[in-house]
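Q: One file is attached below, query_22.txt, containing compact mmCIF, C-alpha atoms and all ligand atoms.
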```txt
# COMPACT_ATOMS: atom_id res chain seq x y z
CA MET A 1 19.52 -3.22 32.70
CA ASN A 2 17.76 -3.96 29.43
CA GLU A 3 18.04 -1.51 26.57
CA LEU A 4 14.72 -0.14 25.29
CA TYR A 5 14.70 -2.28 22.14
CA ILE A 6 15.04 -5.50 24.17
CA THR A 7 12.37 -4.34 26.64
CA MET A 8 10.06 -3.66 23.69
CA LEU A 9 10.61 -7.13 22.23
CA MET A 10 10.14 -8.78 25.61
CA ASN A 11 6.97 -6.79 26.32
CA ASP A 12 5.63 -8.04 22.99
CA HIS A 13 6.43 -11.57 24.11
CA SER A 14 4.40 -11.03 27.30
CA ILE A 15 1.33 -10.09 25.25
CA ILE A 16 1.80 -13.13 23.01
CA GLU A 17 2.36 -15.51 25.95
CA LYS A 18 -0.70 -14.21 27.76
CA ALA A 19 -2.85 -14.63 24.65
CA LEU A 20 -1.56 -18.20 24.31
CA VAL A 21 -2.37 -19.12 27.90
CA ILE A 22 -5.90 -17.63 27.84
CA LEU A 23 -6.57 -19.45 24.56
CA GLU A 24 -5.23 -22.75 25.84
CA ARG A 25 -7.56 -22.54 28.84
CA GLN A 26 -10.49 -21.47 26.66
CA LEU A 27 -9.93 -24.49 24.42
CA GLN A 28 -10.08 -26.86 27.38
CA LYS A 29 -13.65 -25.75 28.08
CA LYS A 30 -16.62 -27.80 26.97
CA LYS A 31 -18.57 -24.71 25.96
CA LYS A 32 -16.09 -22.62 24.06
CA ASN A 33 -16.47 -18.88 23.58
CA TRP A 34 -15.71 -18.60 19.85
CA LEU A 35 -15.67 -14.81 19.95
CA THR A 36 -12.87 -14.83 22.54
CA ILE A 37 -11.03 -17.49 20.52
CA GLN A 38 -11.34 -15.47 17.30
CA THR A 39 -10.19 -12.28 19.07
CA LEU A 40 -7.12 -13.98 20.50
CA ILE A 41 -6.14 -15.61 17.22
CA ASP A 42 -6.43 -12.12 15.70
CA VAL A 43 -4.15 -10.78 18.44
CA LEU A 44 -1.60 -13.51 17.70
CA TRP A 45 -1.73 -12.77 14.00
CA ASP A 46 -1.98 -8.97 14.07
CA TYR A 47 0.32 -8.23 16.97
CA GLY A 48 2.46 -11.39 17.09
CA GLU A 49 3.00 -11.88 13.39
CA THR A 50 2.57 -8.63 11.47
CA CYS A 51 4.03 -6.45 14.21
CA HIS A 52 6.37 -8.36 16.53
CA ASN A 53 7.84 -10.92 14.13
CA MET A 54 8.34 -8.19 11.54
CA LYS A 55 10.35 -6.12 14.06
CA GLU A 56 12.65 -9.12 14.30
CA GLU A 57 12.68 -10.15 10.63
CA LYS A 58 12.90 -6.72 9.05
CA VAL A 59 15.07 -4.88 11.56
CA TYR A 60 16.58 -6.84 14.44
CA PHE A 61 17.84 -9.95 12.64
CA PRO A 62 19.29 -7.99 9.68
CA THR A 63 21.10 -5.69 12.14
CA LEU A 64 22.61 -8.69 13.92
CA LEU A 65 23.74 -10.22 10.61
CA GLU A 66 25.21 -6.91 9.49
CA ARG A 67 27.15 -6.70 12.77
CA GLY A 68 28.68 -10.11 12.21
CA MET A 69 26.40 -12.70 13.79
CA PRO A 70 26.91 -15.79 11.59
CA GLU A 71 24.01 -16.72 9.32
CA SER A 72 24.39 -20.32 10.40
CA GLY A 73 23.63 -19.28 13.99
CA PRO A 74 20.31 -19.05 15.81
CA ILE A 75 18.71 -16.59 13.36
CA GLY A 76 18.14 -19.35 10.79
CA VAL A 77 16.32 -21.41 13.40
CA MET A 78 14.24 -18.41 14.49
CA LEU A 79 13.20 -17.70 10.90
CA LYS A 80 12.12 -21.30 10.37
CA GLU A 81 10.04 -21.15 13.57
CA HIS A 82 8.42 -17.87 12.47
CA GLN A 83 7.39 -19.61 9.25
CA ALA A 84 5.96 -22.55 11.17
CA GLU A 85 4.00 -20.14 13.42
CA ARG A 86 2.70 -18.38 10.32
CA ASP A 87 1.58 -21.66 8.74
CA TYR A 88 -0.30 -22.67 11.88
CA LEU A 89 -2.02 -19.28 12.23
CA THR A 90 -3.04 -19.23 8.58
CA LYS A 91 -4.65 -22.63 9.08
CA PHE A 92 -6.42 -21.51 12.25
CA LYS A 93 -7.81 -18.41 10.53
CA GLU A 94 -9.20 -20.55 7.72
CA PHE A 95 -10.79 -22.90 10.23
CA LEU A 96 -12.37 -20.04 12.23
CA ALA A 97 -13.81 -18.49 9.06
CA LYS A 98 -15.94 -21.61 8.48
CA GLU A 99 -19.61 -21.23 9.36
CA GLN A 100 -20.01 -24.88 10.30
CA LYS A 101 -17.35 -26.60 12.36
CA SER A 102 -17.53 -30.34 12.80
CA GLU A 103 -16.59 -32.03 16.05
CA GLU A 104 -13.63 -33.60 14.31
CA GLU A 105 -12.40 -30.25 12.96
CA ILE A 106 -12.71 -28.68 16.40
CA ASN A 107 -10.67 -31.47 17.97
CA GLN A 108 -8.03 -31.12 15.30
CA PHE A 109 -7.88 -27.35 15.92
CA VAL A 110 -7.43 -27.92 19.67
CA THR A 111 -4.60 -30.40 19.08
CA GLU A 112 -2.85 -28.24 16.52
CA PHE A 113 -3.23 -25.15 18.68
CA SER A 114 -1.48 -26.97 21.49
CA ASP A 115 1.43 -27.80 19.13
CA TYR A 116 1.54 -24.19 17.95
CA ALA A 117 1.46 -22.85 21.54
CA ASN A 118 4.32 -25.12 22.58
CA LEU A 119 6.37 -24.09 19.55
CA THR A 120 5.76 -20.39 20.20
CA LYS A 121 6.46 -20.56 23.95
CA ASP A 122 9.68 -22.41 23.24
CA HIS A 123 10.58 -19.86 20.57
CA ILE A 124 10.00 -16.98 23.02
CA TRP A 125 12.14 -18.68 25.63
CA LYS A 126 14.98 -19.12 23.12
CA GLU A 127 14.83 -15.47 22.17
CA ASN A 128 14.54 -14.05 25.68
CA ASP A 129 17.19 -16.30 27.19
CA ILE A 130 19.60 -17.01 24.38
CA LEU A 131 19.28 -14.86 21.28
CA TYR A 132 18.75 -11.43 22.87
CA PRO A 133 21.61 -11.80 25.40
CA MET A 134 23.86 -13.15 22.60
CA GLY A 135 22.76 -10.35 20.29
CA ARG A 136 23.89 -7.75 22.80
CA LYS A 137 27.49 -8.63 22.02
CA PHE A 138 26.97 -7.68 18.36
CA ILE A 139 24.77 -4.60 18.72
CA GLN A 140 26.71 -1.32 18.53
CA PRO A 141 25.82 1.73 20.68
CA ASP A 142 24.40 3.55 17.63
CA ASP A 143 22.09 0.61 16.90
CA VAL A 144 20.30 0.93 20.25
CA PRO A 145 18.20 4.05 19.47
CA TYR A 146 17.90 2.96 15.82
CA LEU A 147 16.31 -0.37 16.78
CA ALA A 148 13.83 1.20 19.22
CA ASN A 149 12.80 3.82 16.64
CA GLU A 150 12.39 1.25 13.89
CA PHE A 151 10.28 -0.95 16.18
CA LYS A 152 8.02 2.02 16.91
CA ARG A 153 7.73 2.71 13.19
CA ILE A 154 6.76 -0.89 12.37
CA GLU A 155 4.21 -0.85 15.19
CA ARG A 156 2.70 2.41 13.92
CA GLU A 157 2.69 1.38 10.27
CA SER A 158 1.26 -2.09 10.86
CA LEU A 159 -1.32 -1.38 13.58
CA GLY A 160 -1.53 2.37 14.12
CA GLU A 161 -0.57 4.69 16.96
CA GLY A 162 -0.56 3.24 20.50
CA ALA A 163 -0.75 -0.37 19.30
CA TYR A 164 1.19 -1.89 22.19
CA THR A 165 -1.03 -0.32 24.86
CA ARG A 166 -4.15 -1.19 22.89
CA TYR A 167 -3.26 -4.86 22.54
CA LYS A 168 -1.99 -5.15 26.10
CA THR A 169 -5.24 -3.66 27.40
CA LEU A 170 -7.26 -6.01 25.21
CA VAL A 171 -5.44 -9.12 26.41
CA ASP A 172 -5.63 -8.00 30.05
CA ALA A 173 -9.36 -7.39 29.67
CA LEU A 174 -9.94 -10.81 28.10
CA GLU A 175 -7.98 -12.39 30.89
CA LYS A 176 -10.22 -10.73 33.45
CA GLU A 177 -13.50 -11.17 31.59
CA SER A 178 -13.03 -14.90 31.36
CA GLY A 179 -12.07 -15.01 35.03
CA GLU A 180 -8.77 -16.44 33.94
CA ARG A 181 -6.32 -14.22 35.68
CA ILE A 182 -3.13 -16.18 35.54
CA ASP A 183 -2.21 -17.01 39.11
CA LEU A 184 1.06 -18.89 39.09
CA LEU A 185 0.99 -19.39 42.85
CA ALA A 186 -2.36 -21.20 42.63
CA SER A 187 -0.53 -24.22 41.23
CA LEU A 188 1.75 -24.46 44.27
CA PRO A 189 0.81 -25.97 47.64
CA THR A 190 1.24 -23.46 50.50
CA GLU A 191 3.86 -25.78 51.98
CA ILE A 192 6.09 -25.18 48.96
CA ILE A 193 5.39 -21.44 48.96
CA GLY A 194 6.43 -21.36 52.64
CA ASN A 195 9.57 -23.41 52.03
CA MET A 196 10.45 -21.22 49.09
CA LEU A 197 10.19 -18.07 51.21
CA ASP A 198 12.24 -19.75 53.97
CA ALA A 199 14.95 -20.73 51.49
CA LEU A 200 15.71 -17.10 50.68
CA PRO A 201 18.51 -15.46 52.70
CA ILE A 202 16.12 -12.74 53.84
CA GLU A 203 13.58 -12.27 56.58
CA ILE A 204 10.14 -11.29 55.45
CA THR A 205 7.22 -9.99 57.48
CA PHE A 206 3.85 -9.03 56.05
CA VAL A 207 1.60 -6.48 57.75
CA ASP A 208 -1.91 -6.15 56.31
CA ALA A 209 -3.94 -3.05 55.46
CA GLU A 210 -5.27 -2.93 59.05
CA ASP A 211 -1.67 -2.76 60.30
CA ARG A 212 -1.77 -6.26 61.73
CA VAL A 213 1.13 -8.71 61.39
CA ARG A 214 -0.10 -11.61 59.28
CA TYR A 215 2.99 -13.55 58.24
CA PHE A 216 6.69 -13.93 58.80
CA ASN A 217 9.04 -16.51 57.31
CA LYS A 218 11.57 -18.81 59.00
CA LEU A 219 9.12 -19.53 61.83
CA ASP A 220 11.19 -22.20 63.57
CA LYS A 221 14.56 -21.21 62.16
CA ASP A 222 17.33 -18.88 63.34
CA LYS A 223 16.42 -15.28 62.73
CA ILE A 224 18.15 -11.93 62.92
CA PHE A 225 15.20 -10.45 64.80
CA ALA A 226 13.53 -12.92 67.13
CA ARG A 227 9.84 -13.33 66.36
CA THR A 228 7.35 -15.71 67.85
CA LEU A 229 3.87 -16.70 66.85
CA SER A 230 2.44 -14.34 69.47
CA VAL A 231 3.00 -11.36 67.12
CA ILE A 232 0.57 -12.74 64.56
CA GLY A 233 -2.58 -10.62 64.60
CA ARG A 234 -0.95 -7.90 66.68
CA LEU A 235 -0.80 -4.32 65.52
CA VAL A 236 2.57 -3.52 63.99
CA GLN A 237 2.80 -0.50 66.29
CA GLN A 238 2.87 -2.91 69.24
CA CYS A 239 5.83 -4.77 67.77
CA HIS A 240 8.26 -1.88 67.43
CA PRO A 241 10.25 -0.11 70.12
CA PRO A 242 8.70 3.29 71.04
CA LYS A 243 11.64 5.24 69.61
CA SER A 244 11.01 3.96 66.06
CA LEU A 245 7.23 4.14 66.31
CA HIS A 246 6.85 7.55 64.66
CA LEU A 247 8.86 6.27 61.67
CA VAL A 248 6.73 3.15 61.30
CA ASN A 249 3.56 5.23 61.45
CA LYS A 250 4.88 7.75 58.93
CA ILE A 251 5.91 5.04 56.44
CA ILE A 252 2.58 3.24 56.67
CA GLN A 253 0.56 6.45 56.51
CA GLU A 254 2.41 7.63 53.38
CA MET A 255 2.00 4.22 51.75
CA LYS A 256 -1.73 4.25 52.47
CA GLU A 257 -1.99 7.72 50.96
CA GLY A 258 -0.15 6.49 47.86
CA LYS A 259 2.73 8.91 48.43
CA ARG A 260 5.32 6.24 49.06
CA ASP A 261 6.11 2.79 47.72
CA GLN A 262 9.22 1.93 49.67
CA ALA A 263 11.45 2.92 52.57
CA THR A 264 14.98 1.64 53.12
CA PHE A 265 17.45 1.73 56.00
CA TRP A 266 20.84 0.17 56.73
CA ILE A 267 22.25 -0.34 60.19
CA HIS A 268 25.01 -2.13 62.07
CA PHE A 269 23.62 -4.88 64.29
CA ASN A 270 25.37 -7.74 66.11
CA GLY A 271 28.31 -7.76 63.71
CA MET A 272 26.02 -7.71 60.69
CA TYR A 273 25.28 -4.94 58.24
CA LEU A 274 21.53 -5.00 57.89
CA PHE A 275 19.57 -3.72 54.94
CA ILE A 276 15.98 -3.18 56.06
CA ALA A 277 13.37 -2.34 53.47
CA TYR A 278 9.62 -1.79 53.50
CA TYR A 279 7.68 -2.22 50.27
CA ALA A 280 4.04 -1.29 49.81
CA VAL A 281 1.86 -4.16 48.57
CA ARG A 282 -0.91 -3.00 46.26
CA ASN A 283 -3.54 -4.67 44.13
CA GLU A 284 -3.72 -4.04 40.41
CA ASN A 285 -5.84 -0.93 41.01
CA GLY A 286 -3.09 0.47 43.21
CA GLU A 287 -5.08 0.02 46.43
CA TYR A 288 -2.97 -0.55 49.54
CA GLN A 289 -3.06 -4.14 50.80
CA GLY A 290 -0.26 -3.97 53.31
CA VAL A 291 3.47 -3.68 53.64
CA VAL A 292 6.18 -6.29 53.39
CA GLU A 293 9.32 -5.84 55.45
CA MET A 294 12.55 -7.38 54.25
CA VAL A 295 15.66 -7.72 56.42
CA GLN A 296 18.94 -8.94 55.03
CA ASP A 297 22.53 -9.11 56.22
CA ILE A 298 24.35 -7.55 53.28
CA ASN A 299 27.84 -7.99 54.72
CA PRO A 300 28.60 -10.94 52.39
CA TYR A 301 27.84 -8.81 49.34
CA ARG A 302 29.80 -5.70 50.24
CA THR A 303 33.17 -7.01 49.10
CA LEU A 304 31.97 -8.42 45.78
CA GLU A 305 33.87 -7.30 42.72
CA GLY A 306 34.08 -8.46 39.12
CA GLU A 307 32.15 -11.63 38.32
CA LYS A 308 31.81 -15.17 39.65
CA ARG A 309 30.71 -17.58 36.99
CA LEU A 310 32.05 -20.84 38.38
CA LEU A 311 30.23 -23.10 40.77
CA ASP A 312 31.92 -23.51 44.15
CA GLU A 313 32.31 -26.96 45.70
CA GLN A 314 29.89 -27.79 48.54
FE FE B 1 10.91 -14.46 16.99
FE FE B 2 10.18 -12.67 19.35
```
Take the structure in the file and write it out as structure tokens.
Ligand SMILES: [Fe+2]
Ligand SMILES: [Fe+2]
A:
Amino acid sequence: MNELYITMLMNDHSIIEKALVILERQLQKKKKNWLTIQTLIDVLWDYGETCHNMKEEKVYFPTLLERGMPESGPIGVMLKEHQAERDYLTKFKEFLAKEQKSEEEINQFVTEFSDYANLTKDHIWKENDILYPMGRKFIQPDDVPYLANEFKRIERESLGEGAYTRYKTLVDALEKESGERIDLLASLPTEIIGNMLDALPIEITFVDAEDRVRYFNKLDKDKIFARTLSVIGRLVQQCHPPKSLHLVNKIIQEMKEGKRDQATFWIHFNGMYLFIAYYAVRNENGEYQGVVEMVQDINPYRTLEGEKRLLDEQ
């Protein structure tokens, strides 16, 4: 579980990453929307630089150094990268302030933005995956509330009350307005999506908002509960034994009414210990789109203790 201060820093990163991606796509367009570009550069400067980077430079990094993280460690690299980000953004702001932009200047901006975006994405990855986990070993229990409070103070003093929500809403709106909702799955062929779902040690079934079975994984593989193609398109109520029907109906009804998001059960079955879970699937407005059922034999996990960090031989 992440402590609040790490969650705050990582949430900031999400805003920054989203702004970068929308901008990158905007810059690929022939007819560029300069207002959107200007707004996003402002987001990267105002939120990314004066708010987020200052949380790290003025509070988080000094706390780590005070607690014994060596100065020669990753903090020095992070500071250098912050400076490089700052230099790029300063240049971009100067360029955007120009009334007339030549073709050549625009091309140079696009190229340099790409360099800046790569640097910043890489920087975020290093922090999320290396620095923050490493930093946890130095942070003392008393530092945890201190860091979160200081981050809130910097946010308030640099950008005013409610800055995080404001900037998140702005970036989400820009993402939608430009029809650029980031759909990571769109880049994957359905064959790979299917194979990915089959590779998981779980059985998944999706029932749509009209209660009809639309998908299950491991079609031609061994399954805990036998399922054939004939269930596709059938009402879920027709696929369950009568004695569990009232439960199925109750779960679905409560999910449709927005009263429930999940239902879990665990049972003994054929020498396995099955964890069976139903999760409501909703769109971003919270509207019910269906329910996904997950079945897993959790026997192999029940005896786990301590940690396993070494790779076993295959
Ligand atoms: Fe940073
Ligand atoms: Fe950061």
Q: Please list as a ChimeraX atom specification every residue within 10 Å of segment 34-41 of chain A, counting all atoms listed in the file and excluding residues in the same chain fewer than 6 positions away.
A: /A:16,18-20,22-24,26-27,47-48,89-90,92-93,96-97,170-171,174-175,177-178
Q: Of the residues A:Ala163, A:Leu311, A:Cys239, A:Ala117, which is the one nearest to Ala226 of chain A, using only C-alpha atoms?
A: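 Nearest candidate to Ala226 of chain A out of A:Ala163, A:Leu311, A:Cys239, A:Ala117: A:Cys239.
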Q: Looking at all atoms listed in the file, which of A:Glu81, A:Glu150, A:Glu94, A:Asp208 is the one that sits closest to ligand FE 1 (chain B)?
A: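 Of A:Glu81, A:Glu150, A:Glu94, A:Asp208, the one nearest ligand FE 1 (chain B) is A:Glu81, counting all atoms listed in the file.
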Q: Please determine, counting all atoms listed in the file, which residue among A:Pro242, A:Gly233, A:Gly286, A:Gly68 has the shortest atom-to-atom distance to Lys137 of chain A.
A: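 Comparing A:Pro242, A:Gly233, A:Gly286, A:Gly68 against Lys137 of chain A, the winner is A:Gly68.
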Q: Could you list, as a PyMOL selection string, all residues that come within 8 Å of ligand FE 2 (chain B)? Count all atoms listed in the file.
A: chain A and resi 9-10+12-13+52-53+56+123-124+127-128
Q: Generate the output file for the selected residues, C-alpha atoms, as a short mmCIF file (atom, residue, chain, number, x, y, z; two decimals), keeping the file's coordinate frame.
A:
```
data_model
loop_
_atom_site.label_atom_id
_atom_site.label_comp_id
_atom_site.auth_asym_id
_atom_site.auth_seq_id
_atom_site.Cartn_x
_atom_site.Cartn_y
_atom_site.Cartn_z
CA LEU A 9 10.61 -7.13 22.23
CA MET A 10 10.14 -8.78 25.61
CA ASP A 12 5.63 -8.04 22.99
CA HIS A 13 6.43 -11.57 24.11
CA HIS A 52 6.37 -8.36 16.53
CA ASN A 53 7.84 -10.92 14.13
CA GLU A 56 12.65 -9.12 14.30
CA HIS A 123 10.58 -19.86 20.57
CA ILE A 124 10.00 -16.98 23.02
CA GLU A 127 14.83 -15.47 22.17
CA ASN A 128 14.54 -14.05 25.68
#
```
Q: Could you check how far atom CA of Arg153 of chain A sits from atom CA of Gln83 of chain A, in Å to one decimal?
A: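 Computing it gives 22.7 Å between the two atoms.
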Q: Using Å and a single decimal, report how far atom CA of Gln100 of chain A sits from atom CA of Asp87 of chain A.
A: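 Interatomic distance here is 21.9 Å.
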Q: Please, what distance in Å, to one decimal, runs between atom CA of Asn33 of chain A and atom CA of Asp115 of chain A?
A: 20.5 Å
Q: Set the distance at 12 Å and use all atoms listed in the file: which residues neighbour Ile252 of chain A once local chain neighbours fewer than 4 positions away are removed? I'd like the list as a ChimeraX atom specification.
A: /A:207-212,236-237,245-248,256-263,278-281,288-293
Q: For the point (16.1, 0.8, 24.9) in the file's frame, write as a ChimeraX atom specification all residues with an atom no more than 12 Å away, counting all atoms listed in the file.
A: /A:1-11,136,139,141-152
Q: Measuring between only C-alpha atoms and all ligand atoms, which one of A:Glu307, A:Glu49, A:Glu104, A:Glu254 shows the shortest distance to ligand FE 1 (chain B)?
A: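 Going through A:Glu307, A:Glu49, A:Glu104, A:Glu254 one by one, the smallest distance to ligand FE 1 (chain B) is for A:Glu49.
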Q: From the set A:Tyr215, A:Trp125, A:Tyr132, A:Tyr88, which residue has the shortest atom-to-atom contact distance to Gln108 of chain A, counting all atoms listed in the file?
A: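 Nearest candidate to Gln108 of chain A out of A:Tyr215, A:Trp125, A:Tyr132, A:Tyr88: A:Tyr88.
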Q: Would you mind listing what lies within 9 Å of Asn217 of chain A as a list in words, with all atoms listed in the file counted and same-chain residues fewer than 4 positions away left out?
A: Gly194, Asn195, Leu197, Asp198, Ile202, Glu203, Ile204, Thr205 and Lys221 of chain A
Q: Of the candidates A:Ile15, A:Tyr60, A:Lys308, A:Arg67, which shows the shortest atom-to-atom distance to Thr169 of chain A, using all atoms listed in the file?
A: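 Among A:Ile15, A:Tyr60, A:Lys308, A:Arg67, it is A:Ile15 that comes nearest to Thr169 of chain A.
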